[in-house]
>>> print(open('input-v4.cif').read())   # mmCIF, C-alpha atoms
data_coords
#
loop_
_atom_site.label_atom_id
_atom_site.label_comp_id
_atom_site.auth_asym_id
_atom_site.auth_seq_id
_atom_site.Cartn_x
_atom_site.Cartn_y
_atom_site.Cartn_z
CA MET A 30 4.43 -19.76 36.34
CA LYS A 31 3.27 -19.16 39.88
CA PHE A 32 3.50 -15.38 39.84
CA GLY A 33 5.58 -14.73 36.75
CA HIS A 34 8.44 -12.32 36.22
CA HIS A 35 7.52 -8.64 36.26
CA GLY A 36 10.20 -6.09 37.00
CA ALA A 37 13.25 -4.24 35.80
CA ASN A 38 15.90 -5.80 38.03
CA HIS A 39 15.91 -9.51 37.19
CA PRO A 40 19.36 -11.13 36.95
CA VAL A 41 19.86 -13.39 33.95
CA LEU A 42 22.95 -15.44 33.08
CA ASP A 43 24.29 -15.39 29.52
CA LYS A 44 25.63 -18.93 29.34
CA ASP A 45 27.93 -18.14 26.41
CA THR A 46 29.83 -15.32 28.09
CA GLY A 47 29.22 -16.10 31.77
CA GLN A 48 28.03 -12.51 32.22
CA VAL A 49 25.15 -11.67 34.53
CA LEU A 50 22.71 -9.15 33.04
CA ILE A 51 20.12 -7.11 34.88
CA THR A 52 16.99 -7.32 32.77
CA SER A 53 13.47 -6.08 32.32
CA GLN A 54 10.87 -8.86 32.56
CA ASN A 55 7.15 -9.24 32.06
CA HIS A 56 5.80 -12.74 31.53
CA GLY A 57 3.53 -15.21 33.26
CA PHE A 58 4.29 -18.24 31.09
CA ALA A 59 7.60 -19.90 30.32
CA VAL A 60 9.01 -22.66 28.14
CA ASP A 61 9.89 -25.89 29.93
CA MET A 62 13.59 -26.55 29.37
CA ALA A 63 12.95 -30.30 29.29
CA THR A 64 10.80 -29.96 26.18
CA LEU A 65 13.40 -28.38 23.88
CA SER A 66 14.24 -30.06 20.58
CA PRO A 67 17.83 -31.23 20.02
CA ASN A 68 18.44 -28.31 17.63
CA VAL A 69 17.64 -25.76 20.35
CA ARG A 70 20.30 -24.73 22.80
CA VAL A 71 19.85 -22.74 26.00
CA THR A 72 21.61 -19.36 25.88
CA HIS A 73 20.15 -17.59 28.95
CA VAL A 74 18.71 -18.66 32.30
CA SER A 75 17.04 -16.69 35.09
CA LEU A 76 19.12 -16.41 38.26
CA PHE A 77 15.94 -15.90 40.30
CA ASP A 78 14.44 -19.33 39.65
CA GLY A 79 16.58 -21.07 37.03
CA SER A 80 13.84 -20.81 34.41
CA LEU A 81 14.57 -20.62 30.69
CA GLN A 82 15.31 -17.11 29.40
CA GLY A 83 17.00 -17.49 26.04
CA ILE A 84 17.32 -20.03 23.25
CA ALA A 85 19.05 -20.26 19.89
CA LEU A 86 18.63 -22.72 17.06
CA THR A 87 21.77 -24.66 16.22
CA ASP A 88 20.84 -25.21 12.57
CA LYS A 89 19.09 -21.94 11.62
CA PRO A 90 19.86 -18.24 12.16
CA ALA A 91 17.22 -17.67 14.82
CA PHE A 92 17.19 -16.90 18.54
CA SER A 93 14.75 -15.80 21.17
CA PHE A 94 14.68 -14.08 24.55
CA GLN A 95 11.99 -14.39 27.21
CA GLY A 96 12.36 -10.97 28.85
CA HIS A 97 12.44 -7.48 27.36
CA PRO A 98 15.80 -6.58 25.78
CA GLU A 99 14.29 -3.23 24.74
CA ALA A 100 13.87 -2.42 28.48
CA SER A 101 11.79 0.78 28.57
CA PRO A 102 11.63 0.74 31.47
CA GLY A 103 14.77 -0.93 32.67
CA PRO A 104 18.52 -1.31 32.26
CA HIS A 105 20.09 -1.61 28.81
CA ASP A 106 22.19 -4.72 29.52
CA LEU A 107 20.49 -6.74 26.80
CA ALA A 108 20.73 -4.20 23.95
CA TYR A 109 23.40 -6.47 22.47
CA LEU A 110 20.66 -8.88 21.41
CA PHE A 111 19.50 -6.28 18.87
CA ASP A 112 23.11 -6.02 17.63
CA ARG A 113 23.15 -9.81 17.30
CA PHE A 114 19.92 -9.75 15.29
CA VAL A 115 21.37 -7.16 12.90
CA ALA A 116 24.66 -9.09 12.67
CA MET A 117 22.72 -12.17 11.59
CA MET A 118 21.20 -10.19 8.74
CA GLU A 119 24.66 -8.94 7.76
CA ARG A 120 25.84 -12.51 7.56
CA PRO A 121 22.86 -14.61 6.47
CA ALA A 122 25.01 -17.70 6.48
CA LEU A 123 25.91 -17.18 10.14
CA LYS A 124 25.73 -20.52 11.78
CA GLU A 125 25.11 -20.86 15.49
CA SER A 126 27.83 -22.95 17.02
CA ALA A 127 26.32 -25.58 19.21
CA MET B 128 -5.23 20.24 43.07
CA SER B 129 -6.40 18.18 46.01
CA ALA B 130 -9.09 15.82 44.81
CA ALA B 131 -11.84 14.69 47.15
CA HIS B 132 -11.32 11.27 48.69
CA VAL B 133 -13.12 8.79 46.45
CA PRO B 134 -13.21 5.24 47.84
CA ALA B 135 -11.85 2.26 45.94
CA ILE B 136 -11.51 -1.46 46.63
CA LEU B 137 -9.38 -4.23 45.24
CA ALA B 138 -11.07 -7.60 45.75
CA LEU B 139 -9.19 -10.83 45.07
CA ALA B 140 -10.79 -14.06 43.94
CA ASP B 141 -9.81 -15.68 47.26
CA GLY B 142 -12.07 -13.18 49.07
CA THR B 143 -9.39 -10.78 50.32
CA VAL B 144 -10.50 -7.13 50.06
CA PHE B 145 -8.17 -4.10 50.16
CA ARG B 146 -9.76 -0.70 50.77
CA GLY B 147 -8.08 2.44 49.49
CA ARG B 148 -8.47 5.66 47.58
CA ALA B 149 -9.53 5.89 43.95
CA ILE B 150 -7.18 7.32 41.37
CA GLY B 151 -7.97 7.51 37.68
CA ALA B 152 -11.38 6.67 36.27
CA GLU B 153 -14.48 5.67 38.21
CA SER B 154 -15.17 2.17 36.99
CA ALA B 155 -14.96 -1.53 37.74
CA SER B 156 -12.42 -3.74 36.01
CA ALA B 157 -11.31 -7.31 36.46
CA GLY B 158 -8.06 -9.01 35.56
CA GLU B 159 -5.13 -11.05 36.77
CA VAL B 160 -3.42 -9.21 39.62
CA VAL B 161 0.36 -9.18 39.18
CA PHE B 162 3.16 -7.23 40.81
CA ASN B 163 6.03 -5.37 39.15
CA THR B 164 9.18 -4.46 41.07
CA ALA B 165 10.46 -1.74 38.71
CA MET B 166 11.33 1.51 40.48
CA THR B 167 10.69 3.71 37.46
CA GLY B 168 8.78 3.62 34.21
CA TYR B 169 5.14 3.48 35.29
CA GLN B 170 4.00 5.10 32.05
CA GLU B 171 5.90 2.55 29.96
CA ILE B 172 4.44 -0.25 32.10
CA LEU B 173 0.86 0.98 31.75
CA THR B 174 1.19 1.26 27.96
CA ASP B 175 2.98 -2.10 27.50
CA PRO B 176 0.47 -4.26 25.60
CA SER B 177 1.81 -7.31 27.46
CA TYR B 178 -0.18 -6.05 30.49
CA ALA B 179 -3.52 -6.40 28.69
CA GLY B 180 -5.98 -8.09 31.02
CA GLN B 181 -3.77 -7.55 34.08
CA ILE B 182 -4.11 -5.30 37.10
CA VAL B 183 -0.58 -4.15 37.89
CA THR B 184 0.64 -3.58 41.42
CA LEU B 185 3.80 -1.51 41.65
CA THR B 186 5.90 -2.49 44.65
CA TYR B 187 7.83 0.79 44.60
CA PRO B 188 5.96 2.92 47.16
CA HIS B 189 5.81 6.34 45.43
CA VAL B 190 4.36 6.26 41.96
CA GLY B 191 3.43 9.27 39.87
CA ASN B 192 6.14 11.64 41.15
CA THR B 193 7.15 12.73 37.65
CA GLY B 194 3.70 12.75 36.05
CA VAL B 195 3.31 11.61 32.47
CA ASN B 196 4.37 12.97 29.08
CA PRO B 197 3.51 12.21 25.45
CA GLU B 198 6.91 10.59 24.77
CA ASP B 199 7.21 7.77 27.30
CA VAL B 200 4.54 5.57 25.78
CA GLU B 201 5.23 2.06 24.55
CA SER B 202 2.08 1.74 22.42
CA LYS B 203 -0.91 3.80 21.35
CA ARG B 204 -2.81 3.55 24.67
CA ILE B 205 -2.91 2.15 28.21
CA PHE B 206 -3.36 -1.62 28.09
CA ALA B 207 -3.17 -2.51 31.80
CA ALA B 208 -6.62 -3.23 33.25
CA GLY B 209 -5.86 -1.27 36.42
CA LEU B 210 -3.10 0.20 38.57
CA VAL B 211 -2.40 -0.48 42.26
CA VAL B 212 0.00 1.77 44.17
CA ARG B 213 0.96 2.49 47.75
CA ASP B 214 1.16 6.25 47.47
CA LEU B 215 0.39 8.74 44.73
CA PRO B 216 2.11 12.03 45.63
CA CYS B 217 -0.13 15.13 45.41
CA ILE B 218 2.50 16.97 43.40
CA ALA B 219 4.07 15.63 40.23
CA ALA B 220 7.13 17.48 39.00
CA SER B 221 9.37 17.01 35.99
CA TRP B 222 10.46 19.26 33.14
CA ARG B 223 8.87 16.72 30.81
CA LYS B 224 5.58 16.47 32.72
CA MET B 225 2.44 17.31 30.74
CA LEU B 226 -0.18 15.70 32.98
CA ASP B 227 -0.49 14.03 36.38
CA LEU B 228 -0.86 10.25 36.59
CA SER B 229 -4.41 10.23 37.98
CA SER B 230 -5.73 12.44 35.16
CA TYR B 231 -3.89 10.29 32.63
CA LEU B 232 -5.63 7.18 33.95
CA ARG B 233 -8.99 8.97 34.12
CA ASP B 234 -8.75 10.23 30.53
CA ALA B 235 -8.02 6.66 29.41
CA GLY B 236 -10.96 5.25 31.41
CA VAL B 237 -8.62 3.12 33.53
CA ALA B 238 -9.19 2.70 37.26
CA GLY B 239 -6.51 2.77 39.90
CA ILE B 240 -6.25 2.42 43.65
CA ALA B 241 -3.82 4.09 46.06
CA ASP B 242 -3.24 3.93 49.82
CA ILE B 243 -3.32 0.15 50.16
CA ASP B 244 -0.61 -2.05 51.67
CA THR B 245 1.12 -3.17 48.49
CA ARG B 246 3.68 -5.15 50.51
CA GLN B 247 0.96 -7.33 51.97
CA LEU B 248 -0.67 -7.75 48.55
CA THR B 249 2.66 -8.66 46.92
CA ARG B 250 3.40 -11.25 49.61
CA MET B 251 0.00 -12.82 49.01
CA LEU B 252 0.59 -12.98 45.25
CA ARG B 253 4.06 -14.40 45.76
CA GLU B 254 2.93 -17.08 48.19
CA LYS B 255 -0.37 -18.08 46.60
CA GLY B 256 0.49 -17.17 43.01
CA ALA B 257 -1.12 -14.62 40.70
CA GLN B 258 -4.90 -14.60 40.94
CA ASN B 259 -7.81 -12.69 39.49
CA GLY B 260 -9.05 -9.53 41.11
CA CYS B 261 -11.59 -6.78 40.68
CA LEU B 262 -10.79 -3.10 41.04
CA MET B 263 -13.83 -0.96 41.83
CA THR B 264 -13.72 2.79 42.29
CA GLY B 265 -16.34 5.39 43.17
CA THR B 266 -19.85 4.54 44.25
CA GLY B 267 -19.43 0.84 43.33
CA ALA B 268 -16.66 0.52 45.90
CA ALA B 269 -19.21 -0.06 48.66
CA ASP B 270 -20.22 -3.44 47.29
CA GLU B 271 -17.39 -5.75 48.35
CA LYS B 272 -19.39 -8.92 47.77
CA LYS B 273 -20.08 -7.98 44.17
CA ALA B 274 -16.40 -7.15 43.61
CA VAL B 275 -15.34 -10.60 44.85
CA GLU B 276 -17.95 -12.18 42.57
CA ILE B 277 -16.62 -10.25 39.56
CA ALA B 278 -13.06 -11.33 40.44
CA ARG B 279 -14.15 -14.98 40.62
CA ALA B 280 -16.07 -14.76 37.34
CA ALA B 281 -13.14 -13.22 35.43
CA PRO B 282 -11.61 -15.57 32.85
CA SER B 283 -8.38 -17.33 33.75
CA MET B 284 -5.26 -16.12 31.95
CA ALA B 285 -4.49 -19.73 30.98
CA GLY B 286 -5.76 -20.40 27.48
CA LEU B 287 -6.51 -16.73 26.79
CA ASP B 288 -5.35 -15.42 23.39
CA LEU B 289 -4.86 -11.70 23.94
CA ALA B 290 -2.25 -11.19 21.20
CA LYS B 291 -4.99 -11.01 18.58
CA VAL B 292 -6.82 -8.44 20.72
CA VAL B 293 -3.90 -6.01 21.07
CA SER B 294 -2.26 -6.46 17.65
CA CYS B 295 -2.50 -3.82 14.94
CA SER B 296 -5.33 -4.45 12.48
CA ALA B 297 -3.32 -3.56 9.39
CA SER B 298 0.37 -3.44 8.44
CA TYR B 299 2.24 -0.17 8.81
CA ASP B 300 5.74 1.20 8.33
CA TRP B 301 7.68 2.36 11.38
CA THR B 302 10.13 5.21 11.34
CA GLY B 303 11.75 6.82 14.34
CA SER B 304 14.74 5.91 16.41
CA THR B 305 15.58 6.05 20.10
CA TRP B 306 15.28 9.03 22.45
CA ALA B 307 18.19 11.23 23.49
CA LEU B 308 18.41 14.11 25.93
CA GLY B 309 18.17 17.43 24.09
CA GLU B 310 17.15 15.72 20.88
CA GLY B 311 13.96 13.81 21.69
CA TYR B 312 13.24 10.92 19.35
CA ARG B 313 15.90 10.83 16.69
CA ALA B 314 15.33 10.25 13.02
CA GLU B 315 15.86 6.80 11.62
CA GLN B 316 19.36 5.97 10.38
CA ALA B 317 19.85 5.22 6.72
CA SER B 318 18.31 1.78 6.45
CA ARG B 319 20.48 -1.18 5.60
CA PHE B 320 17.94 -3.92 6.28
CA HIS B 321 14.24 -4.51 5.93
CA VAL B 322 12.65 -6.22 8.92
CA VAL B 323 9.12 -7.54 9.16
CA ALA B 324 8.00 -7.27 12.79
CA TYR B 325 5.05 -9.37 13.91
CA ASP B 326 2.93 -7.36 16.35
CA PHE B 327 1.71 -9.71 19.09
CA GLY B 328 1.69 -6.68 21.42
CA ILE B 329 4.91 -5.01 20.37
CA LYS B 330 6.49 -2.19 22.36
CA HIS B 331 7.64 0.91 20.52
CA ASN B 332 11.13 0.73 21.97
CA ILE B 333 11.76 -2.53 20.11
CA LEU B 334 11.01 -0.73 16.87
CA ARG B 335 13.09 2.28 17.93
CA MET B 336 16.10 0.10 18.80
CA LEU B 337 15.90 -1.75 15.49
CA ALA B 338 15.52 1.56 13.60
CA GLU B 339 18.57 2.88 15.47
CA ARG B 340 20.53 -0.06 14.05
CA GLY B 341 19.60 0.69 10.46
CA CYS B 342 16.42 -1.35 10.05
CA ARG B 343 13.47 -0.27 7.95
CA LEU B 344 10.43 -1.80 9.60
CA THR B 345 7.12 -3.13 8.42
CA VAL B 346 4.90 -3.99 11.38
CA VAL B 347 2.36 -6.68 10.53
CA PRO B 348 -0.70 -8.06 12.38
CA THR B 349 -0.62 -11.36 14.26
CA ARG B 350 -2.51 -13.32 11.67
CA MET B 351 -0.46 -12.45 8.61
CA PRO B 352 0.54 -15.80 7.10
CA ALA B 353 4.30 -16.33 6.84
CA ARG B 354 4.12 -16.53 3.04
CA ASP B 355 2.72 -12.96 2.92
CA ALA B 356 5.40 -11.74 5.32
CA LEU B 357 8.16 -13.42 3.30
CA ALA B 358 6.69 -11.97 0.09
CA LEU B 359 7.81 -8.58 1.45
CA LYS B 360 11.36 -9.95 1.05
CA PRO B 361 12.62 -9.02 4.50
CA ASP B 362 16.22 -9.48 5.60
CA GLY B 363 14.91 -10.56 8.98
CA VAL B 364 11.69 -11.40 10.78
CA PHE B 365 11.13 -10.15 14.32
CA LEU B 366 8.51 -11.73 16.61
CA SER B 367 7.35 -9.47 19.39
CA ASN B 368 6.33 -9.94 22.97
CA GLY B 369 2.65 -10.08 23.80
CA PRO B 370 0.01 -10.62 26.47
CA GLY B 371 -2.05 -13.64 27.51
CA ASP B 372 -1.25 -17.31 27.12
CA PRO B 373 0.94 -18.20 24.12
CA GLU B 374 -0.54 -21.69 23.86
CA PRO B 375 -3.68 -20.80 21.83
CA CYS B 376 -1.62 -18.66 19.40
CA THR B 377 -1.17 -21.52 16.93
CA TYR B 378 -1.08 -19.03 14.02
CA ALA B 379 2.06 -17.52 15.62
CA ALA B 380 3.79 -20.89 15.91
CA SER B 381 2.97 -21.59 12.29
CA ALA B 382 4.31 -18.20 11.15
CA ILE B 383 7.49 -18.78 13.16
CA SER B 384 8.24 -22.20 11.76
CA CYS B 385 7.47 -21.07 8.21
CA SER B 386 9.64 -17.95 8.41
CA VAL B 387 12.59 -19.77 9.96
CA LEU B 388 12.55 -22.91 7.81
CA PRO B 389 13.12 -21.44 4.32
CA ARG B 390 16.06 -19.38 5.53
CA ALA B 391 18.42 -22.20 6.32
CA PRO B 392 22.02 -21.02 6.36
CA GLU B 393 24.27 -21.97 3.51
CA PRO B 394 26.79 -24.68 4.33
#
>>> encode(input="input-v4.cif", output="structure tokens")
Amino acid sequence: MKFGHHGANHPVLDKDTGQVLITSQNHGFAVDMATLSPNVRVTHVSLFDGSLQGIALTDKPAFSFQGHPEASPGPHDLAYLFDRFVAMMERPALKESA
Amino acid sequence: MSAAHVPAILALADGTVFRGRAIGAESASAGEVVFNTAMTGYQEILTDPSYAGQIVTLTYPHVGNTGVNPEDVESKRIFAAGLVVRDLPCIAASWRKMLDLSSYLRDAGVAGIADIDTRQLTRMLREKGAQNGCLMTGTGAADEKKAVEIARAAPSMAGLDLAKVVSCSASYDWTGSTWALGEGYRAEQASRFHVVAYDFGIKHNILRMLAERGCRLTVVPTRMPARDALALKPDGVFLSNGPGDPEPCTYAASAISCSVLPRAPEP
């Protein structure tokens, strides 16, 4: 990335809920959305530059986020990703709906 | 506690030189100069291992107002290669303060610079992109030419595997939940799940937030093969954040694909 994302006020769109989340970010590299495999779906995008922020596998219980859901420092908007991680362990057979 | 004015310079690889006042340790360090727009949390930022090899400019103009304390750390030490601020107030005040920011940097051997135009620097980084820089404080700060040379000679962040540099060397168990006013760090909840967390530069608050949700955590080093991690029979595998370029971290990609593949959901 040209100058990366570093801050605690970056808006990110959760594509599943349509909610905008204010997030903590710190990265200088990003995944190119055009290179994703068919079993990877985009869950979050940056509203600063449209870059990829979150993915989930459609055939395995796994997901990923580019920024810092743990904040520290920053807002707690993304704490629900930790809840999602725990929920996946509660229901190992949880299947991501594509 | 008014310290004498010690000179400092920040030299960029493109030849730009900023002159300011030294805070923290007297030393010379090189790294990729980046800017962070957070208004709070400088201690968390300094101790975030993802800042390894980077000189961090904080765009918020007053930094250090609340000093530092032993609780707001995100790892065992400062990982940022240097700190750039507009203004460091002479008085730090907070009921949690144990030390002022400049002493904290000095004790850690990390250099910082204050009293430079961070707006100008940020605009340069935003327009030209992040670039390498050299932060020199104390007597070395007179030699601008040398500082530019050091900035130019610093390795590019592209292709740099820093995860293996910042990761823990051996596995350890994590206990301890999130912080609350009047309570400090709370004890872990009764654990319902065992999570293996790969440390590519993990921040403590990730571990705290998982512990808060009933996870017992085993933190493992970057190079632990997936079969060893899975032999611990975890309910979940967590892959942390980390510094540098992810591309050379082929061991991480291999661990990820191996830990995800055998756990296919039942139909």
>>> residues_around(input="input-v4.cif", residues="His35 (chain A)", least_positions_apart="4", cutoff="8 Å", atoms="all atoms listed in the file", output="list of chain:residue names")
A:Ser53, A:Gln54, A:Asn55, A:His56, B:Val161, B:Phe162, B:Asn163, B:Thr164, B:Ala165
>>> closest_residue(input="input-v4.cif", among="B:Val212, B:Leu139, B:Leu308, B:Leu252", to="chain A", atoms="only C-alpha atoms")
B:Leu252
>>> resolve_selection(input="input-v4.cif", expression="the PyMOL selection byres ((chain A and resi 111) around 9)", output="ChimeraX atom specification")
/A:98-99,107-110,112-116 /B:333,336-337,340
>>> axis_aligned_box(input="input-v4.cif", around="region 34-46 of chain A", padding_each_side="8 Å", output="lines of an AutoDock Vina configuration file")
center_x = 18.7
center_y = -11.6
center_z = 32.2
size_x = 38.3
size_y = 30.7
size_z = 27.6
>>> atom_distance(input="input-v4.cif", atom1="CA of Gly260 (chain B)", atom2="CA of Glu159 (chain B)")
6.0 Å
